[in-house]
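Participant: Pasting a structure below so you can have a look.
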Amino acid sequence: LKSMADFFYGLFQQMKADGRLVIYTRPHDCSHYPFFPLLADYWKRSHPPVTFFTERLQKVGFDVKMKSSSIIVHTSFDDWTEAIRSMRPFEDIDEDDFRRGFSELEMMIDGSENIAFEEKVVTITGIKPRDGRPTETLIVQEEGPPYGHCG
């Protein structure tokens, strides 16, 4: 395949009318996560903006619906650091960088044993129109509950 648009085009051509392609992703902006700067850099490299998907889906003929949702996560600092170590975007970070970053993160949260942050997810649905041509684009934005910014 030459591009993601080519991939989506191939799917579009094989789908029946009203067929759906669902993409579940997280936002490119990671400022809501308690990350140290190196993690934010890795995150942004591995999570394209939502428009990367929506524009390509629209280009090949899909109608696009998007829904954003969020929850507040409460966890211990130790559980969070273990979760970070297991996340695929961070698999190339070496242990020394993790140690330095976690020390920095611990200072950012004033040594608290627990942290809270907003977990955001985006669901993008590409729908093949009945006539095979796009009819409209609908973007739905749902706000999560109020929260205190961490990080």
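Quick note on naming: the chains in the structure tokens go A, B, ... in the order shown, residues restart at 1 in each chain, and ligands are numbered from 1 in order of appearance.
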Name all residues at most 9 Å from range 109-126 of chain A (count only C-alpha atoms; drop same-chain ones fewer than 5 positions away) and give them as a PyMOL selection string.

Facilitator: chain A and resi 19-27+32-34+50+53-54+57-58+61-78+80+104+144+147-151

Participant: Env of Met4 in chain A: 10 Å cut, atoms = only C-alpha atoms, seq-sep filter 3 positions within chain, self excluded. Answer as number ranges by chain.

Facilitator: A: 1, 7-10, 52-53, 56-57

Participant: Tell me which of A:Met107, A:Arg130, A:Tyr42, A:Asp79 sits closest to Glu91 in chain A, counting only C-alpha atoms.

Facilitator: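 Checking each of A:Met107, A:Arg130, A:Tyr42, A:Asp79 against Glu91 in chain A, counting only C-alpha atoms, the winner is A:Tyr42.
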
Participant: Please indicate the distance in Å from CA of Glu55 in chain A to CA of Cys30 in chain A, rounded to one decimal place.

Facilitator: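 That distance, rounded to one decimal, is 21.0 Å.
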
Participant: With only C-alpha atoms as the basis for distance, which of A:Met108, A:Ala5, A:Met15, A:Leu39 is at the shortest distance from Pro89 in chain A?

Facilitator: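 Ranked by minimum distance to Pro89 in chain A, first place goes to A:Leu39.
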
Participant: Considering only strand (DSSP E or B) as DSSP defines it on the backbone, what residues of chain A qualify? List them as an NGL selection string.

Facilitator: :A and (20-25 or 63-76 or 114-127 or 138-141)

Participant: Provide the CA of Pro49 in chain A to CA of Ser86 in chain A distance in Å, to one decimal place.

Facilitator: 22.4 Å

Participant: Residues of range 7-125 of chain A in helix (DSSP H, G or I) according to DSSP, as a ChimeraX atom specification?

Facilitator: /A:7-14,37-46,50-59,77-86,88-90,95-108
